[in-house]
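Asker: Before we start, here is the structure in question, set down as structure tokens.
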Amino acid sequence: MNTWIAIAATVLGCYAVKLAGLLVPAGVLERPVVRRLAALLPVALLAALTAQQTFADGHTLVLDARAAGLGAAAVALVLRAPFLVVVGAAVLVTAGVRVIAG
């Protein structure tokens with residue numbers, strides 16, 4: 001039963017956020033600070049998700065092959081490689097480190 005309570009709370013929360021977004025006056029959304037925040041928020045959330053998925057295993061911090069793959073992807077991005085090359089470099093380095101580490 002706790003699962004259904006969590007699902008219901010999530011549904012209500014999502015609906016409330018959507019409704020709050022619709023009720024915000026247009027003048028507030030046109031402010032420069034709000035525009036800058038709206039532009040930077042997705043980048044910050046994606047960076048946080050990437051860091052959590054790379055360096056966390058449950059409740060512990062880890063440094064394993066995923067970190068090497070992320071580093072390879074970062075190097076490829078600095079070199080302005082195409083997106084598929086970035087992903088391929090991350091996959092190859094991660095797989096290579098896992099094979100070498102056993």
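Labels used: A, B, ... for chains in the order of the structure tokens, numbers from 1 for residues in each chain, and numbers from 1 for ligands as shown.
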I want to know what sits within 7 Å of Thr94 (chain A), based on only C-alpha atoms, with residues of the same chain fewer than 2 positions away left out; could you give that as an mmCIF file with N, CA, C and O atoms, in the first residue's frame?
Answerer:
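Everything below was put into selection.cif:
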```
data_model
loop_
_atom_site.group_PDB
_atom_site.id
_atom_site.type_symbol
_atom_site.label_atom_id
_atom_site.label_comp_id
_atom_site.auth_asym_id
_atom_site.auth_seq_id
_atom_site.Cartn_x
_atom_site.Cartn_y
_atom_site.Cartn_z
ATOM 1 N N ALA A 65 35.779 2.267 -13.460
ATOM 2 C CA ALA A 65 35.901 2.435 -14.907
ATOM 3 C C ALA A 65 34.985 3.533 -15.442
ATOM 4 O O ALA A 65 35.302 4.167 -16.458
ATOM 5 N N ARG A 66 33.881 3.774 -14.770
ATOM 6 C CA ARG A 66 32.973 4.826 -15.236
ATOM 7 C C ARG A 66 33.638 6.194 -15.205
ATOM 8 O O ARG A 66 33.414 7.031 -16.083
ATOM 9 N N ALA A 68 36.839 6.767 -15.641
ATOM 10 C CA ALA A 68 37.758 6.816 -16.781
ATOM 11 C C ALA A 68 36.994 7.114 -18.071
ATOM 12 O O ALA A 68 37.450 7.900 -18.910
ATOM 13 N N GLY A 69 35.836 6.507 -18.231
ATOM 14 C CA GLY A 69 35.017 6.779 -19.408
ATOM 15 C C GLY A 69 34.555 8.222 -19.453
ATOM 16 O O GLY A 69 34.532 8.850 -20.520
ATOM 17 N N ALA A 90 33.997 7.164 -24.738
ATOM 18 C CA ALA A 90 33.626 6.823 -23.355
ATOM 19 C C ALA A 90 33.364 5.328 -23.213
ATOM 20 O O ALA A 90 33.814 4.694 -22.253
ATOM 21 N N VAL A 91 32.668 4.747 -24.176
ATOM 22 C CA VAL A 91 32.353 3.312 -24.123
ATOM 23 C C VAL A 91 33.627 2.483 -24.218
ATOM 24 O O VAL A 91 33.827 1.537 -23.438
ATOM 25 N N LEU A 92 34.480 2.816 -25.168
ATOM 26 C CA LEU A 92 35.716 2.036 -25.354
ATOM 27 C C LEU A 92 36.643 2.123 -24.144
ATOM 28 O O LEU A 92 37.203 1.103 -23.709
ATOM 29 N N GLY A 96 37.515 -0.958 -21.796
ATOM 30 C CA GLY A 96 38.940 -1.326 -21.686
ATOM 31 C C GLY A 96 39.412 -1.363 -20.250
ATOM 32 O O GLY A 96 40.124 -2.298 -19.844
ATOM 33 N N VAL A 97 39.027 -0.370 -19.459
ATOM 34 C CA VAL A 97 39.416 -0.372 -18.045
ATOM 35 C C VAL A 97 38.802 -1.544 -17.303
ATOM 36 O O VAL A 97 39.460 -2.182 -16.469
ATOM 37 N N ARG A 98 37.555 -1.875 -17.607
ATOM 38 C CA ARG A 98 36.914 -3.014 -16.941
ATOM 39 C C ARG A 98 37.593 -4.327 -17.316
ATOM 40 O O ARG A 98 37.718 -5.213 -16.479
#
```
Asker: Which residues in chain A does DSSP call strand (DSSP E)? List them as a list of chain:residue names.
Answerer: A:Ala56, A:Asp57, A:Thr60, A:Leu61
Asker: Put those residues in a file: N, CA, C and O atoms, as a compact mmCIF listing (two decimals), in the first residue's frame.
Answerer:
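Once everything was written out, this is out_11.txt:
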```txt
# COMPACT_ATOMS: atom_id res chain seq x y z
N ALA A 56 28.78 7.28 -7.72
CA ALA A 56 28.02 6.73 -6.60
C ALA A 56 27.63 5.29 -6.88
O ALA A 56 27.31 4.92 -8.01
N ASP A 57 27.67 4.50 -5.83
CA ASP A 57 27.18 3.12 -5.88
C ASP A 57 26.39 2.91 -4.59
O ASP A 57 26.96 2.61 -3.55
N THR A 60 27.68 4.85 -1.27
CA THR A 60 29.13 5.01 -1.19
C THR A 60 29.66 5.67 -2.46
O THR A 60 29.09 5.54 -3.53
N LEU A 61 30.76 6.37 -2.30
CA LEU A 61 31.44 6.96 -3.43
C LEU A 61 32.44 5.95 -3.99
O LEU A 61 33.13 5.27 -3.24
```
Asker: Work out how far CA of Ala74 (chain A) is from CA of Val87 (chain A), in Å to one decimal.
Answerer: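 Interatomic distance, CA of Val87 (chain A) to CA of Ala74 (chain A): 10.1 Å.
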Asker: Give the helix (DSSP H, G or I) residues of region 28-65 of chain A, as DSSP finds them on the backbone, and put them as a PyMOL selection string.
Answerer: chain A and resi 28-29+32-55+65
Asker: Any chance you could export the current selection's N, CA and C atoms as a compact mmCIF listing (two decimals), in the first residue's frame?
Answerer:
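Just written: out03.txt:
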```
# COMPACT_ATOMS: atom_id res chain seq x y z
N VAL A 28 6.78 37.91 -14.84
CA VAL A 28 7.82 37.29 -14.02
C VAL A 28 8.77 36.47 -14.90
N LEU A 29 8.23 35.80 -15.89
CA LEU A 29 9.04 34.95 -16.76
C LEU A 29 9.92 35.74 -17.71
N PRO A 32 15.27 39.14 -16.67
CA PRO A 32 16.56 38.58 -17.11
C PRO A 32 17.11 37.50 -16.18
N VAL A 33 16.91 37.65 -14.89
CA VAL A 33 17.42 36.66 -13.94
C VAL A 33 16.71 35.31 -14.14
N VAL A 34 15.41 35.37 -14.35
CA VAL A 34 14.64 34.14 -14.57
C VAL A 34 15.05 33.49 -15.88
N ARG A 35 15.29 34.27 -16.89
CA ARG A 35 15.73 33.72 -18.18
C ARG A 35 17.09 33.04 -18.05
N ARG A 36 18.02 33.68 -17.32
CA ARG A 36 19.35 33.07 -17.13
C ARG A 36 19.25 31.78 -16.35
N LEU A 37 18.44 31.79 -15.29
CA LEU A 37 18.25 30.57 -14.50
C LEU A 37 17.62 29.45 -15.33
N ALA A 38 16.65 29.80 -16.14
CA ALA A 38 15.99 28.80 -16.98
C ALA A 38 16.96 28.21 -17.99
N ALA A 39 17.92 29.00 -18.44
CA ALA A 39 18.90 28.50 -19.40
C ALA A 39 19.96 27.62 -18.74
N LEU A 40 20.30 27.92 -17.49
CA LEU A 40 21.38 27.19 -16.82
C LEU A 40 20.90 25.98 -16.02
N LEU A 41 19.65 25.96 -15.64
CA LEU A 41 19.15 24.87 -14.79
C LEU A 41 19.26 23.49 -15.42
N PRO A 42 18.90 23.30 -16.69
CA PRO A 42 19.04 21.96 -17.27
C PRO A 42 20.49 21.47 -17.31
N VAL A 43 21.43 22.38 -17.55
CA VAL A 43 22.84 22.00 -17.58
C VAL A 43 23.29 21.55 -16.19
N ALA A 44 22.89 22.28 -15.16
CA ALA A 44 23.26 21.92 -13.80
C ALA A 44 22.65 20.58 -13.39
N LEU A 45 21.40 20.36 -13.75
CA LEU A 45 20.76 19.09 -13.40
C LEU A 45 21.40 17.92 -14.13
N LEU A 46 21.75 18.10 -15.40
CA LEU A 46 22.41 17.03 -16.14
C LEU A 46 23.80 16.75 -15.59
N ALA A 47 24.52 17.78 -15.19
CA ALA A 47 25.85 17.58 -14.59
C ALA A 47 25.73 16.83 -13.26
N ALA A 48 24.74 17.18 -12.46
CA ALA A 48 24.55 16.48 -11.19
C ALA A 48 24.17 15.03 -11.40
N LEU A 49 23.31 14.76 -12.37
CA LEU A 49 22.93 13.38 -12.68
C LEU A 49 24.12 12.58 -13.17
N THR A 50 24.94 13.18 -14.02
CA THR A 50 26.14 12.50 -14.52
C THR A 50 27.10 12.19 -13.38
N ALA A 51 27.33 13.14 -12.51
CA ALA A 51 28.23 12.90 -11.37
C ALA A 51 27.68 11.82 -10.45
N GLN A 52 26.39 11.84 -10.20
CA GLN A 52 25.80 10.83 -9.31
C GLN A 52 25.88 9.44 -9.92
N GLN A 53 25.62 9.33 -11.20
CA GLN A 53 25.67 8.03 -11.86
C GLN A 53 27.10 7.52 -12.02
N THR A 54 28.08 8.43 -12.08
CA THR A 54 29.47 8.04 -12.29
C THR A 54 30.17 7.69 -10.99
N PHE A 55 29.96 8.47 -9.95
CA PHE A 55 30.76 8.33 -8.74
C PHE A 55 30.01 7.74 -7.55
N ALA A 65 35.78 2.27 -13.46
CA ALA A 65 35.90 2.44 -14.91
C ALA A 65 34.99 3.53 -15.44
```
Asker: How many Å lie between CA of Gly88 (chain A) and CA of Ala67 (chain A), rounded to one decimal?
Answerer: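 Atom-to-atom, CA of Gly88 (chain A) to CA of Ala67 (chain A), that is 14.8 Å.
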Asker: Hey, what's within 8 Å of Ala72 (chain A) if we count only C-alpha atoms and toss same-chain stuff fewer than 6 positions away? As a compact mmCIF listing (two decimals) with C-alpha atoms, in the first residue's frame, please?
Answerer:
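File around.txt, as written:
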```
# COMPACT_ATOMS: atom_id res chain seq x y z
CA VAL A 86 32.45 11.27 -27.66
CA ALA A 89 35.40 7.05 -26.70
CA ALA A 90 33.63 6.82 -23.35
CA VAL A 93 37.68 3.44 -22.43
```
Asker: In Å, how far is it from CA of Ala95 (chain A) to CA of Val75 (chain A)?
Answerer: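 Distance reported for this atom pair: 16.8 Å.
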